[in-house]
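Novice: Coordinates in coords-v6.cif, mmCIF, C-alpha atoms, are listed below.
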```
data_upload
loop_
_atom_site.group_PDB
_atom_site.id
_atom_site.type_symbol
_atom_site.label_atom_id
_atom_site.label_comp_id
_atom_site.auth_asym_id
_atom_site.auth_seq_id
_atom_site.Cartn_x
_atom_site.Cartn_y
_atom_site.Cartn_z
ATOM 1 C CA MET V 1 51.181 -3.550 -45.335
ATOM 2 C CA LYS V 2 51.799 -6.787 -43.460
ATOM 3 C CA VAL V 3 48.795 -9.008 -42.778
ATOM 4 C CA ILE V 4 48.463 -12.118 -40.600
ATOM 5 C CA PHE V 5 45.556 -14.509 -41.111
ATOM 6 C CA VAL V 6 44.909 -16.349 -37.842
ATOM 7 C CA ILE V 7 42.863 -19.475 -38.552
ATOM 8 C CA ASN V 8 40.993 -21.399 -35.867
ATOM 9 C CA PRO V 9 40.804 -24.984 -37.240
ATOM 10 C CA SER V 10 38.125 -25.927 -34.690
ATOM 11 C CA ALA V 11 35.736 -23.117 -35.631
ATOM 12 C CA GLY V 12 32.518 -23.952 -37.477
ATOM 13 C CA THR V 13 32.081 -26.742 -39.995
ATOM 14 C CA LYS V 14 33.608 -25.272 -43.174
ATOM 15 C CA SER V 15 36.622 -26.744 -44.955
ATOM 16 C CA HIS V 16 39.513 -24.796 -43.498
ATOM 17 C CA LYS V 17 41.970 -26.187 -46.038
ATOM 18 C CA LYS V 18 39.828 -24.750 -48.817
ATOM 19 C CA ILE V 19 39.599 -21.417 -46.997
ATOM 20 C CA GLU V 20 43.371 -21.381 -46.491
ATOM 21 C CA ARG V 21 43.988 -22.069 -50.189
ATOM 22 C CA GLU V 22 41.639 -19.240 -51.179
ATOM 23 C CA ILE V 23 43.418 -16.840 -48.805
ATOM 24 C CA GLU V 24 46.807 -17.844 -50.218
ATOM 25 C CA ASP V 25 45.723 -17.714 -53.871
ATOM 26 C CA TYR V 26 44.186 -14.257 -53.629
ATOM 27 C CA SER V 27 46.986 -12.845 -51.456
ATOM 28 C CA ILE V 28 49.567 -14.018 -53.992
ATOM 29 C CA GLN V 29 47.462 -12.654 -56.846
ATOM 30 C CA ILE V 30 47.502 -9.125 -55.397
ATOM 31 C CA ASN V 31 51.087 -9.354 -54.042
ATOM 32 C CA LEU V 32 49.995 -9.039 -50.426
ATOM 33 C CA ASP V 33 52.679 -9.425 -47.744
ATOM 34 C CA TYR V 34 50.912 -12.071 -45.663
ATOM 35 C CA SER V 35 51.446 -14.870 -43.149
ATOM 36 C CA ILE V 36 49.170 -17.621 -41.838
ATOM 37 C CA TYR V 37 48.999 -18.760 -38.211
ATOM 38 C CA LYS V 38 46.869 -21.709 -37.114
ATOM 39 C CA ILE V 39 45.603 -21.659 -33.543
ATOM 40 C CA PRO V 40 46.686 -24.875 -31.787
ATOM 41 C CA GLU V 41 44.142 -26.965 -29.894
ATOM 42 C CA GLU V 42 45.558 -25.617 -26.636
ATOM 43 C CA LYS V 43 45.470 -21.847 -27.178
ATOM 44 C CA GLN V 44 48.753 -20.170 -26.293
ATOM 45 C CA ALA V 45 48.303 -16.417 -26.396
ATOM 46 C CA GLY V 46 52.028 -15.818 -25.816
ATOM 47 C CA LYS V 47 53.006 -17.687 -28.984
ATOM 48 C CA LEU V 48 50.496 -15.781 -31.096
ATOM 49 C CA GLN V 49 51.624 -12.467 -29.608
ATOM 50 C CA SER V 50 55.243 -13.338 -30.402
ATOM 51 C CA PHE V 51 54.272 -14.288 -33.975
ATOM 52 C CA ILE V 52 52.419 -10.981 -34.448
ATOM 53 C CA LYS V 53 55.417 -9.045 -33.108
ATOM 54 C CA GLU V 54 57.908 -11.037 -35.190
ATOM 55 C CA LYS V 55 55.947 -10.416 -38.400
ATOM 56 C CA GLN V 56 55.404 -6.736 -37.515
ATOM 57 C CA ALA V 57 51.771 -7.051 -38.482
ATOM 58 C CA ASP V 58 49.674 -4.036 -39.467
ATOM 59 C CA VAL V 59 46.458 -6.088 -39.640
ATOM 60 C CA VAL V 60 45.429 -9.372 -38.038
ATOM 61 C CA VAL V 61 42.522 -11.217 -39.652
ATOM 62 C CA ALA V 62 40.543 -13.427 -37.275
ATOM 63 C CA CYS V 63 39.375 -16.471 -39.254
ATOM 64 C CA GLY V 64 36.759 -18.091 -37.032
ATOM 65 C CA GLY V 65 33.705 -17.289 -34.937
ATOM 66 C CA ASP V 66 32.940 -14.889 -32.096
ATOM 67 C CA GLY V 67 35.225 -16.694 -29.647
ATOM 68 C CA THR V 68 38.122 -16.460 -32.105
ATOM 69 C CA ILE V 69 37.479 -12.748 -32.653
ATOM 70 C CA ASN V 70 37.401 -12.172 -28.894
ATOM 71 C CA TYR V 71 40.630 -14.141 -28.361
ATOM 72 C CA ILE V 72 42.550 -12.325 -31.100
ATOM 73 C CA GLY V 73 40.966 -8.899 -30.586
ATOM 74 C CA SER V 74 41.835 -8.985 -26.877
ATOM 75 C CA LEU V 75 45.509 -9.444 -27.795
ATOM 76 C CA LEU V 76 45.388 -6.334 -30.002
ATOM 77 C CA LEU V 77 43.792 -3.937 -27.504
ATOM 78 C CA GLY V 78 46.126 -1.083 -26.659
ATOM 79 C CA SER V 79 48.098 -1.511 -29.901
ATOM 80 C CA LYS V 80 47.830 0.171 -33.302
ATOM 81 C CA ILE V 81 47.247 -3.167 -35.051
ATOM 82 C CA LYS V 82 43.920 -3.389 -36.879
ATOM 83 C CA LEU V 83 41.450 -6.282 -36.737
ATOM 84 C CA ALA V 84 39.590 -7.856 -39.650
ATOM 85 C CA ILE V 85 37.228 -10.836 -39.767
ATOM 86 C CA ILE V 86 36.750 -13.827 -42.042
ATOM 87 C CA PRO V 87 33.623 -15.427 -40.500
ATOM 88 C CA LEU V 88 34.060 -19.193 -40.126
ATOM 89 C CA GLY V 89 32.090 -19.899 -36.929
ATOM 90 C CA SER V 90 28.731 -21.546 -36.367
ATOM 91 C CA ALA V 91 26.828 -18.349 -35.544
ATOM 92 C CA ASN V 92 29.204 -15.513 -36.560
ATOM 93 C CA GLY V 93 27.259 -13.060 -34.425
ATOM 94 C CA LEU V 94 29.602 -10.074 -34.622
ATOM 95 C CA ALA V 95 30.351 -10.560 -38.323
ATOM 96 C CA ARG V 96 26.625 -10.622 -39.104
ATOM 97 C CA ALA V 97 26.008 -7.620 -36.867
ATOM 98 C CA LEU V 98 28.675 -5.763 -38.870
ATOM 99 C CA SER V 99 27.344 -7.102 -42.224
ATOM 100 C CA ILE V 100 30.598 -8.955 -42.966
ATOM 101 C CA GLU V 101 29.983 -11.899 -45.292
ATOM 102 C CA LEU V 102 32.267 -14.817 -46.131
ATOM 103 C CA ASN V 103 33.770 -13.316 -49.277
ATOM 104 C CA ILE V 104 37.524 -13.603 -48.973
ATOM 105 C CA PRO V 105 38.565 -11.380 -51.926
ATOM 106 C CA LYS V 106 36.137 -8.663 -50.756
ATOM 107 C CA ILE V 107 37.469 -8.808 -47.179
ATOM 108 C CA ILE V 108 41.117 -8.723 -48.285
ATOM 109 C CA ASP V 109 40.371 -5.802 -50.621
ATOM 110 C CA ALA V 110 38.843 -3.886 -47.689
ATOM 111 C CA VAL V 111 41.999 -4.588 -45.659
ATOM 112 C CA VAL V 112 44.240 -3.311 -48.472
ATOM 113 C CA ARG V 113 42.091 -0.162 -48.894
ATOM 114 C CA GLY V 114 42.413 0.526 -45.167
ATOM 115 C CA ASP V 115 38.647 0.453 -44.719
ATOM 116 C CA PHE V 116 38.583 0.471 -40.908
ATOM 117 C CA TYR V 117 36.888 2.451 -38.149
ATOM 118 C CA ASN V 118 37.136 2.818 -34.370
ATOM 119 C CA MET V 119 35.025 0.242 -32.514
ATOM 120 C CA ASP V 120 34.042 0.210 -28.848
ATOM 121 C CA VAL V 121 34.642 -2.831 -26.634
ATOM 122 C CA LEU V 122 32.991 -3.722 -23.311
ATOM 123 C CA ARG V 123 35.123 -4.481 -20.264
ATOM 124 C CA ILE V 124 33.524 -6.877 -17.768
ATOM 125 C CA ASN V 125 34.713 -7.222 -14.158
ATOM 126 C CA GLU V 126 38.037 -5.742 -15.341
ATOM 127 C CA LYS V 127 38.847 -9.219 -16.641
ATOM 128 C CA PHE V 128 36.855 -10.049 -19.764
ATOM 129 C CA ASN V 129 36.486 -8.181 -23.052
ATOM 130 C CA CYS V 130 33.243 -8.248 -25.017
ATOM 131 C CA PHE V 131 33.206 -7.289 -28.681
ATOM 132 C CA HIS V 132 29.646 -8.417 -29.428
ATOM 133 C CA LEU V 133 27.095 -9.385 -26.727
ATOM 134 C CA SER V 134 27.216 -10.720 -23.175
ATOM 135 C CA SER V 135 24.407 -11.971 -20.969
ATOM 136 C CA LEU V 136 23.107 -13.352 -17.684
ATOM 137 C CA GLY V 137 20.072 -15.612 -17.350
ATOM 138 C CA LEU V 138 18.216 -17.383 -20.144
ATOM 139 C CA ASN V 139 20.717 -17.053 -23.001
ATOM 140 C CA ALA V 140 23.731 -17.717 -20.771
ATOM 141 C CA ASN V 141 22.061 -20.872 -19.462
ATOM 142 C CA LEU V 142 21.312 -21.951 -23.043
ATOM 143 C CA VAL V 143 24.971 -21.465 -23.994
ATOM 144 C CA LYS V 144 26.036 -23.466 -20.903
ATOM 145 C CA ARG V 145 23.794 -26.378 -21.937
ATOM 146 C CA TYR V 146 25.137 -26.117 -25.477
ATOM 147 C CA GLU V 147 28.773 -26.187 -24.298
ATOM 148 C CA ASP V 148 28.228 -29.046 -21.846
ATOM 149 C CA SER V 149 26.574 -31.183 -24.530
ATOM 150 C CA ASN V 150 29.394 -30.737 -27.076
ATOM 151 C CA SER V 151 26.791 -29.801 -29.692
ATOM 152 C CA SER V 152 27.671 -27.784 -32.778
ATOM 153 C CA GLY V 153 25.947 -25.450 -35.224
ATOM 154 C CA MET V 154 22.647 -23.612 -35.109
ATOM 155 C CA TRP V 155 20.685 -26.854 -34.762
ATOM 156 C CA GLY V 156 22.597 -27.507 -31.562
ATOM 157 C CA TYR V 157 21.299 -24.249 -30.131
ATOM 158 C CA ALA V 158 17.764 -25.015 -31.293
ATOM 159 C CA LYS V 159 17.849 -28.467 -29.692
ATOM 160 C CA HIS V 160 18.605 -27.044 -26.235
ATOM 161 C CA PHE V 161 16.377 -23.979 -26.482
ATOM 162 C CA PHE V 162 13.129 -25.550 -25.292
ATOM 163 C CA ASP V 163 14.805 -27.468 -22.456
ATOM 164 C CA THR V 164 16.344 -24.216 -21.260
ATOM 165 C CA MET V 165 12.993 -22.442 -21.488
ATOM 166 C CA LYS V 166 11.317 -25.236 -19.556
ATOM 167 C CA HIS V 167 13.748 -25.007 -16.647
ATOM 168 C CA SER V 168 14.237 -21.246 -16.741
ATOM 169 C CA LYS V 169 13.541 -19.230 -13.592
ATOM 170 C CA ALA V 170 13.632 -15.461 -13.363
ATOM 171 C CA GLY V 171 16.509 -14.099 -11.289
ATOM 172 C CA LYS V 172 16.407 -11.271 -8.769
ATOM 173 C CA TYR V 173 18.827 -8.437 -9.493
ATOM 174 C CA GLU V 174 19.967 -5.149 -8.007
ATOM 175 C CA ILE V 175 21.056 -2.938 -10.895
ATOM 176 C CA ASN V 176 22.987 0.324 -10.628
ATOM 177 C CA ILE V 177 22.709 2.175 -13.924
ATOM 178 C CA ASN V 178 23.101 5.871 -14.735
ATOM 179 C CA GLY V 179 23.256 6.664 -11.031
ATOM 180 C CA LYS V 180 19.976 4.901 -10.246
ATOM 181 C CA GLU V 181 19.372 1.746 -8.221
ATOM 182 C CA ILE V 182 16.831 -0.640 -9.765
ATOM 183 C CA SER V 183 15.484 -3.846 -8.214
ATOM 184 C CA LYS V 184 14.237 -6.212 -10.907
ATOM 185 C CA LYS V 185 13.187 -9.755 -11.572
ATOM 186 C CA ALA V 186 14.468 -10.721 -14.998
ATOM 187 C CA GLU V 187 14.619 -13.747 -17.265
ATOM 188 C CA MET V 188 17.711 -12.345 -18.951
ATOM 189 C CA ILE V 189 19.994 -9.328 -18.895
ATOM 190 C CA THR V 190 22.054 -8.610 -22.000
ATOM 191 C CA PHE V 191 24.973 -6.189 -22.260
ATOM 192 C CA ALA V 192 24.901 -5.200 -25.911
ATOM 193 C CA ASN V 193 27.716 -3.615 -27.878
ATOM 194 C CA ALA V 194 26.287 -4.739 -31.232
ATOM 195 C CA ARG V 195 22.688 -4.956 -32.507
ATOM 196 C CA ARG V 196 21.982 -8.568 -33.365
ATOM 197 C CA TYR V 197 22.691 -12.240 -32.759
ATOM 198 C CA GLY V 198 24.049 -14.557 -35.426
ATOM 199 C CA THR V 199 20.514 -15.878 -35.931
ATOM 200 C CA GLY V 200 19.461 -12.441 -37.162
ATOM 201 C CA ALA V 201 17.473 -11.675 -34.002
ATOM 202 C CA ILE V 202 17.852 -7.965 -33.234
ATOM 203 C CA ILE V 203 18.243 -7.521 -29.491
ATOM 204 C CA ASN V 204 19.486 -3.942 -29.546
ATOM 205 C CA PRO V 205 17.589 -2.016 -32.262
ATOM 206 C CA ASP V 206 19.350 1.346 -31.784
ATOM 207 C CA GLY V 207 22.786 -0.020 -30.943
ATOM 208 C CA ARG V 208 26.030 1.031 -32.611
ATOM 209 C CA VAL V 209 29.527 -0.277 -31.972
ATOM 210 C CA ASP V 210 31.147 3.158 -32.304
ATOM 211 C CA ASP V 211 28.955 5.531 -30.272
ATOM 212 C CA GLY V 212 30.760 5.384 -26.918
ATOM 213 C CA ILE V 213 27.837 3.785 -25.080
ATOM 214 C CA PHE V 214 26.249 0.345 -24.795
ATOM 215 C CA GLU V 215 22.787 -0.955 -24.030
ATOM 216 C CA VAL V 216 21.532 -3.008 -21.096
ATOM 217 C CA CYS V 217 18.520 -5.048 -22.242
ATOM 218 C CA ILE V 218 16.395 -6.322 -19.346
ATOM 219 C CA PHE V 219 13.874 -9.066 -20.101
ATOM 220 C CA LYS V 220 11.082 -9.169 -17.524
ATOM 221 C CA PRO V 221 9.403 -12.479 -16.633
ATOM 222 C CA PHE V 222 6.950 -13.378 -19.407
ATOM 223 C CA PRO V 223 4.304 -16.062 -19.959
ATOM 224 C CA TRP V 224 5.158 -18.813 -22.451
ATOM 225 C CA TYR V 225 2.629 -17.555 -24.992
ATOM 226 C CA ALA V 226 4.391 -14.156 -25.161
ATOM 227 C CA LEU V 227 7.411 -15.878 -26.696
ATOM 228 C CA PHE V 228 5.793 -15.797 -30.141
ATOM 229 C CA GLN V 229 5.135 -12.059 -29.954
ATOM 230 C CA MET V 230 8.651 -11.451 -28.647
ATOM 231 C CA SER V 231 10.102 -13.533 -31.488
ATOM 232 C CA TYR V 232 8.257 -11.279 -33.931
ATOM 233 C CA HIS V 233 9.713 -8.189 -32.230
ATOM 234 C CA PHE V 234 13.185 -9.797 -32.264
ATOM 235 C CA PHE V 235 13.266 -10.423 -35.990
ATOM 236 C CA THR V 236 11.554 -7.192 -37.061
ATOM 237 C CA GLY V 237 13.855 -4.989 -35.001
ATOM 238 C CA ASN V 238 11.067 -3.732 -32.743
ATOM 239 C CA LEU V 239 12.066 -5.357 -29.464
ATOM 240 C CA LYS V 240 11.883 -2.041 -27.611
ATOM 241 C CA ASP V 241 8.120 -2.082 -28.279
ATOM 242 C CA SER V 242 7.693 -5.262 -26.234
ATOM 243 C CA PRO V 243 6.127 -4.715 -22.785
ATOM 244 C CA PHE V 244 8.504 -7.373 -21.441
ATOM 245 C CA VAL V 245 11.732 -5.619 -22.452
ATOM 246 C CA LYS V 246 13.361 -2.455 -21.133
ATOM 247 C CA ILE V 247 16.499 -1.088 -22.806
ATOM 248 C CA HIS V 248 18.831 1.339 -21.025
ATOM 249 C CA LYS V 249 21.698 3.251 -22.668
ATOM 250 C CA THR V 250 24.748 3.712 -20.469
ATOM 251 C CA LYS V 251 28.538 3.831 -20.175
ATOM 252 C CA LYS V 252 28.685 1.535 -17.156
ATOM 253 C CA VAL V 253 26.468 -0.744 -15.089
ATOM 254 C CA LYS V 254 26.704 -2.944 -12.017
ATOM 255 C CA VAL V 255 24.445 -5.972 -11.563
ATOM 256 C CA VAL V 256 24.225 -7.899 -8.288
ATOM 257 C CA SER V 257 22.455 -11.251 -7.991
ATOM 258 C CA GLY V 258 21.525 -13.189 -4.866
ATOM 259 C CA ILE V 259 23.012 -16.340 -6.394
ATOM 260 C CA LYS V 260 25.865 -17.093 -8.768
ATOM 261 C CA GLU V 261 24.816 -16.607 -12.386
ATOM 262 C CA ASN V 262 26.420 -17.962 -15.556
ATOM 263 C CA LEU V 263 28.155 -15.177 -17.471
ATOM 264 C CA GLU V 264 28.218 -15.549 -21.248
ATOM 265 C CA VAL V 265 30.679 -13.376 -23.189
ATOM 266 C CA ASP V 266 30.683 -13.434 -26.990
ATOM 267 C CA GLY V 267 29.155 -16.906 -27.028
ATOM 268 C CA ASP V 268 31.372 -18.513 -24.359
ATOM 269 C CA ILE V 269 30.687 -19.135 -20.653
ATOM 270 C CA GLU V 270 33.358 -17.393 -18.567
ATOM 271 C CA GLY V 271 32.224 -18.634 -15.138
ATOM 272 C CA SER V 272 29.517 -17.823 -12.614
ATOM 273 C CA PHE V 273 29.327 -14.625 -10.566
ATOM 274 C CA THR V 274 27.135 -12.758 -8.087
ATOM 275 C CA GLU V 275 28.412 -9.343 -9.218
ATOM 276 C CA ILE V 276 28.948 -8.123 -12.755
ATOM 277 C CA GLU V 277 30.377 -4.697 -13.616
ATOM 278 C CA VAL V 278 30.489 -3.565 -17.230
ATOM 279 C CA ARG V 279 32.008 -0.411 -18.679
ATOM 280 C CA ILE V 280 32.579 0.890 -22.177
ATOM 281 C CA MET V 281 36.051 1.195 -23.682
ATOM 282 C CA LYS V 282 35.442 3.795 -26.352
ATOM 283 C CA ALA V 283 37.241 3.412 -29.698
ATOM 284 C CA ALA V 284 39.262 0.519 -28.256
ATOM 285 C CA ILE V 285 40.201 -1.151 -31.547
ATOM 286 C CA ARG V 286 40.372 -0.448 -35.282
ATOM 287 C CA MET V 287 37.901 -2.826 -36.949
ATOM 288 C CA ILE V 288 37.282 -3.654 -40.609
ATOM 289 C CA ARG V 289 34.262 -1.844 -42.035
#
```
Would you mind writing the file out in structure tokens?

Specialist:
Amino acid sequence: MKVIFVINPSAGTKSHKKIEREIEDYSIQINLDYSIYKIPEEKQAGKLQSFIKEKQADVVVACGGDGTINYIGSLLLGSKIKLAIIPLGSANGLARALSIELNIPKIIDAVVRGDFYNMDVLRINEKFNCFHLSSLGLNANLVKRYEDSNSSGMWGYAKHFFDTMKHSKAGKYEININGKEISKKAEMITFANARRYGTGAIINPDGRVDDGIFEVCIFKPFPWYALFQMSYHFFTGNLKDSPFVKIHKTKKVKVVSGIKENLEVDGDIEGSFTEIEVRIMKAAIRMIR
């Protein structure tokens, strides 16, 4: 087995040199055939693809956050190469949704055992891949503020949350889902492959990443005082009980907005759009269990 550890030096706040040493020490200890690739500041997908091909990798380990996983995972789609995760980001949403903790020997042991399964991936506008969660509205606007401010960490999100809430306005959407046309005002629409955010908030209580469907979570306009009740539902896994949330299971959806909306994909803003089409790519990648 040949394994490549792809480290994103700009991810999170942890000591990457220490992480790299731990990867090397344990890989040597178990006689693992491994290589390390560090993502340059200016990402060059072609160079990483060439490195993966040159090393004839069986497994690529994404060492970073959700954006790193998306970047590396997207390169592996359509191949037989498996994907593993060492969570080094600020939020680590997908890793937490999959119950993957920062335990390097445990992760490497799972790779060596071949402990993988088929995971679905969302395809958005036939351009973007989503491994975790994507959204329009409130959360996307929060991420945009976060990115524009050059903040970092969970406190950075918290700092911009109330400003985003203060200026938030419900959008008007035409939604085609399961053959039905729905007209809705919504604070937020989330396309959910996984169950939870990195904060632990469970947005998709019944979601699974290997069931061949995804969930569209529509948040209706709500008064400010309902935020406390919704927060309770978020963190207890009972969001579907909220009168302000409707969750639809589907294999594809089209959302049309009267104005351009920020699109957030796996924690990054990918632009603004008036039309969003999402479909499931069933069993698109082999992911560490």

Novice: Name the residues that the PyMOL selection byres ((chain V and resi 89-105) around 9) picks from the file above, as a count of residues only, using the file's chain letters and numbers.

Specialist: 45

Novice: What box, with edges along x, y and z, holds each listed atom of segment 75-79 of chain V when 4 Å is added on every side, and can you state its centre and edge lengths in Å to one decimal, as lines of an AutoDock Vina configuration file?

Specialist:
```
center_x = 45.9
center_y = -5.3
center_z = -28.3
size_x = 12.3
size_y = 16.4
size_z = 11.3
```

Novice: Could you give me, as a list in words, the residues within 9 Å of Met119 of chain V, counting only C-alpha atoms and dropping anything in the same chain fewer than 6 positions from it?

Specialist: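 In the requested form, the answer reads Phe131, Val209, Asp210, Asp211, Gly212, Met281, Lys282, Ala283, Ala284, Ile285, Arg286 and Met287 of chain V.
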
Novice: Using only C-alpha atoms, which of V:Arg279, V:Lys252, V:Arg21, V:Lys38 sits nearest Pro9 of chain V?

Specialist: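 Going through V:Arg279, V:Lys252, V:Arg21, V:Lys38 one by one, the smallest distance to Pro9 of chain V is for V:Lys38.
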
Novice: Determine the residue membership of the PyMOL selection byres ((chain V and resi 261) around 6) for the file above and supply it as JSON, numbers by chain.

Specialist: {"V": [260, 262, 272, 273]}

Novice: I'd like to know which of V:Ile4, V:Ala192, V:Ile247, V:Ile30 is closest to Ile218 of chain V, using only C-alpha atoms.

Specialist: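 Of all the options, V:Ile247 lies closest to Ile218 of chain V.
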
Novice: Excluding same-chain residues fewer than 6 positions from Ile280 of chain V, what lies within 8 Å of it counting all atoms listed in the file, as a PyMOL selection string?

Specialist: chain V and resi 120-123+212-214+251-252

Novice: Suppose we keep C-alpha atoms; can you now write the selection as an mmCIF file, in the frame of the given file?

Specialist:
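part.cif, freshly written:
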```
data_model
loop_
_atom_site.group_PDB
_atom_site.id
_atom_site.type_symbol
_atom_site.label_atom_id
_atom_site.label_comp_id
_atom_site.auth_asym_id
_atom_site.auth_seq_id
_atom_site.Cartn_x
_atom_site.Cartn_y
_atom_site.Cartn_z
ATOM 1 C CA ASP V 120 34.042 0.210 -28.848
ATOM 2 C CA VAL V 121 34.642 -2.831 -26.634
ATOM 3 C CA LEU V 122 32.991 -3.722 -23.311
ATOM 4 C CA ARG V 123 35.123 -4.481 -20.264
ATOM 5 C CA GLY V 212 30.760 5.384 -26.918
ATOM 6 C CA ILE V 213 27.837 3.785 -25.080
ATOM 7 C CA PHE V 214 26.249 0.345 -24.795
ATOM 8 C CA LYS V 251 28.538 3.831 -20.175
ATOM 9 C CA LYS V 252 28.685 1.535 -17.156
#
```

Novice: May I ask which of the residues V:Asn31, V:Asn141, V:Asn178, V:Ser257 is the closest one to Val112 of chain V, counting all atoms listed in the file?

Specialist: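 Ranked by minimum distance to Val112 of chain V, first place goes to V:Asn31.
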
Novice: When you draw a straight line from atom CA of Ile189 of chain V to atom CA of Lys240 of chain V, how long is it in Å?

Specialist: 14.0 Å

Novice: Identify which of the residues V:Asn193, V:Lys17, V:Ser35, V:Val6 lies closest to Leu48 of chain V, counting only C-alpha atoms when measuring atom-to-atom distances.

Specialist: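 Looking only at the distances to Leu48 of chain V, the closest residue turns out to be V:Val6.
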
Novice: Have a look at V:Ser134, V:Val265, V:Asp33, V:Ala170 and name the one nearest to Cys217 of chain V; count only C-alpha atoms.

Specialist: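 Smallest distance to Cys217 of chain V is found for V:Ser134.
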
Novice: Given the point (15.9, -11.4, -13.2) in the file's coordinates, find the residues that have an atom at most 10 Å from it, counting only C-alpha atoms, and give them as a PDB file with C-alpha atoms, in the coordinates of the input.

Specialist:
```pdb
ATOM      1  CA  LEU V 136      23.107 -13.352 -17.684  1.00  0.00           C
ATOM      2  CA  GLY V 137      20.072 -15.612 -17.350  1.00  0.00           C
ATOM      3  CA  LEU V 138      18.216 -17.383 -20.144  1.00  0.00           C
ATOM      4  CA  LYS V 169      13.541 -19.230 -13.592  1.00  0.00           C
ATOM      5  CA  ALA V 170      13.632 -15.461 -13.363  1.00  0.00           C
ATOM      6  CA  GLY V 171      16.509 -14.099 -11.289  1.00  0.00           C
ATOM      7  CA  LYS V 172      16.407 -11.271  -8.769  1.00  0.00           C
ATOM      8  CA  TYR V 173      18.827  -8.437  -9.493  1.00  0.00           C
ATOM      9  CA  GLU V 174      19.967  -5.149  -8.007  1.00  0.00           C
ATOM     10  CA  SER V 183      15.484  -3.846  -8.214  1.00  0.00           C
ATOM     11  CA  LYS V 184      14.237  -6.212 -10.907  1.00  0.00           C
ATOM     12  CA  LYS V 185      13.187  -9.755 -11.572  1.00  0.00           C
ATOM     13  CA  ALA V 186      14.468 -10.721 -14.998  1.00  0.00           C
ATOM     14  CA  GLU V 187      14.619 -13.747 -17.265  1.00  0.00           C
ATOM     15  CA  MET V 188      17.711 -12.345 -18.951  1.00  0.00           C
ATOM     16  CA  ILE V 189      19.994  -9.328 -18.895  1.00  0.00           C
ATOM     17  CA  ILE V 218      16.395  -6.322 -19.346  1.00  0.00           C
ATOM     18  CA  PHE V 219      13.874  -9.066 -20.101  1.00  0.00           C
ATOM     19  CA  LYS V 220      11.082  -9.169 -17.524  1.00  0.00           C
ATOM     20  CA  PRO V 221       9.403 -12.479 -16.633  1.00  0.00           C
ATOM     21  CA  SER V 257      22.455 -11.251  -7.991  1.00  0.00           C
TER      22      SER V 257
END
```

Novice: What is the atom CA of Thr190 of chain V-atom CA of Asn129 of chain V distance in Å, reported with one decimal?

Specialist: 14.5 Å

Novice: Return the single residue from V:Asp206, V:Glu54, V:Glu126, V:Glu275 that is closest to Asn176 of chain V, with distances computed using only C-alpha atoms.

Specialist: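 Looking only at the distances to Asn176 of chain V, the closest residue turns out to be V:Glu275.
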
Novice: I'd like the residues picked by the PyMOL selection byres ((chain V and resi 244) around 7) written out as a PyMOL selection string, using the chain letters and numbers from the file.

Specialist: chain V and resi 219-220+222+242-243+245-246

Novice: Would you mind exporting C-alpha atoms of the selected residues as an mmCIF file, in the frame of the given file?

Specialist:
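The new file part-v7.cif reads:
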```cif
data_model
loop_
_atom_site.group_PDB
_atom_site.id
_atom_site.type_symbol
_atom_site.label_atom_id
_atom_site.label_comp_id
_atom_site.auth_asym_id
_atom_site.auth_seq_id
_atom_site.Cartn_x
_atom_site.Cartn_y
_atom_site.Cartn_z
ATOM 1 C CA PHE V 219 13.874 -9.066 -20.101
ATOM 2 C CA LYS V 220 11.082 -9.169 -17.524
ATOM 3 C CA PHE V 222 6.950 -13.378 -19.407
ATOM 4 C CA SER V 242 7.693 -5.262 -26.234
ATOM 5 C CA PRO V 243 6.127 -4.715 -22.785
ATOM 6 C CA VAL V 245 11.732 -5.619 -22.452
ATOM 7 C CA LYS V 246 13.361 -2.455 -21.133
#
```

Novice: Report, in Å with one decimal, the straight-line distance from atom CA of Trp224 of chain V to atom CA of Asn139 of chain V.

Specialist: 15.7 Å

Novice: With all atoms listed in the file as the counted atoms, please give the residues lying no more than 9 Å from Val3 of chain V, apart from itself and same-chain residues fewer than 3 positions off, as a list in words.

Specialist: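 So, after excluding close chain neighbours, the residues are Leu32, Asp33, Tyr34, Ser35, Ile36, Lys55, Gln56, Ala57, Asp58, Val59, Val60, Val61 and Val111 of chain V.
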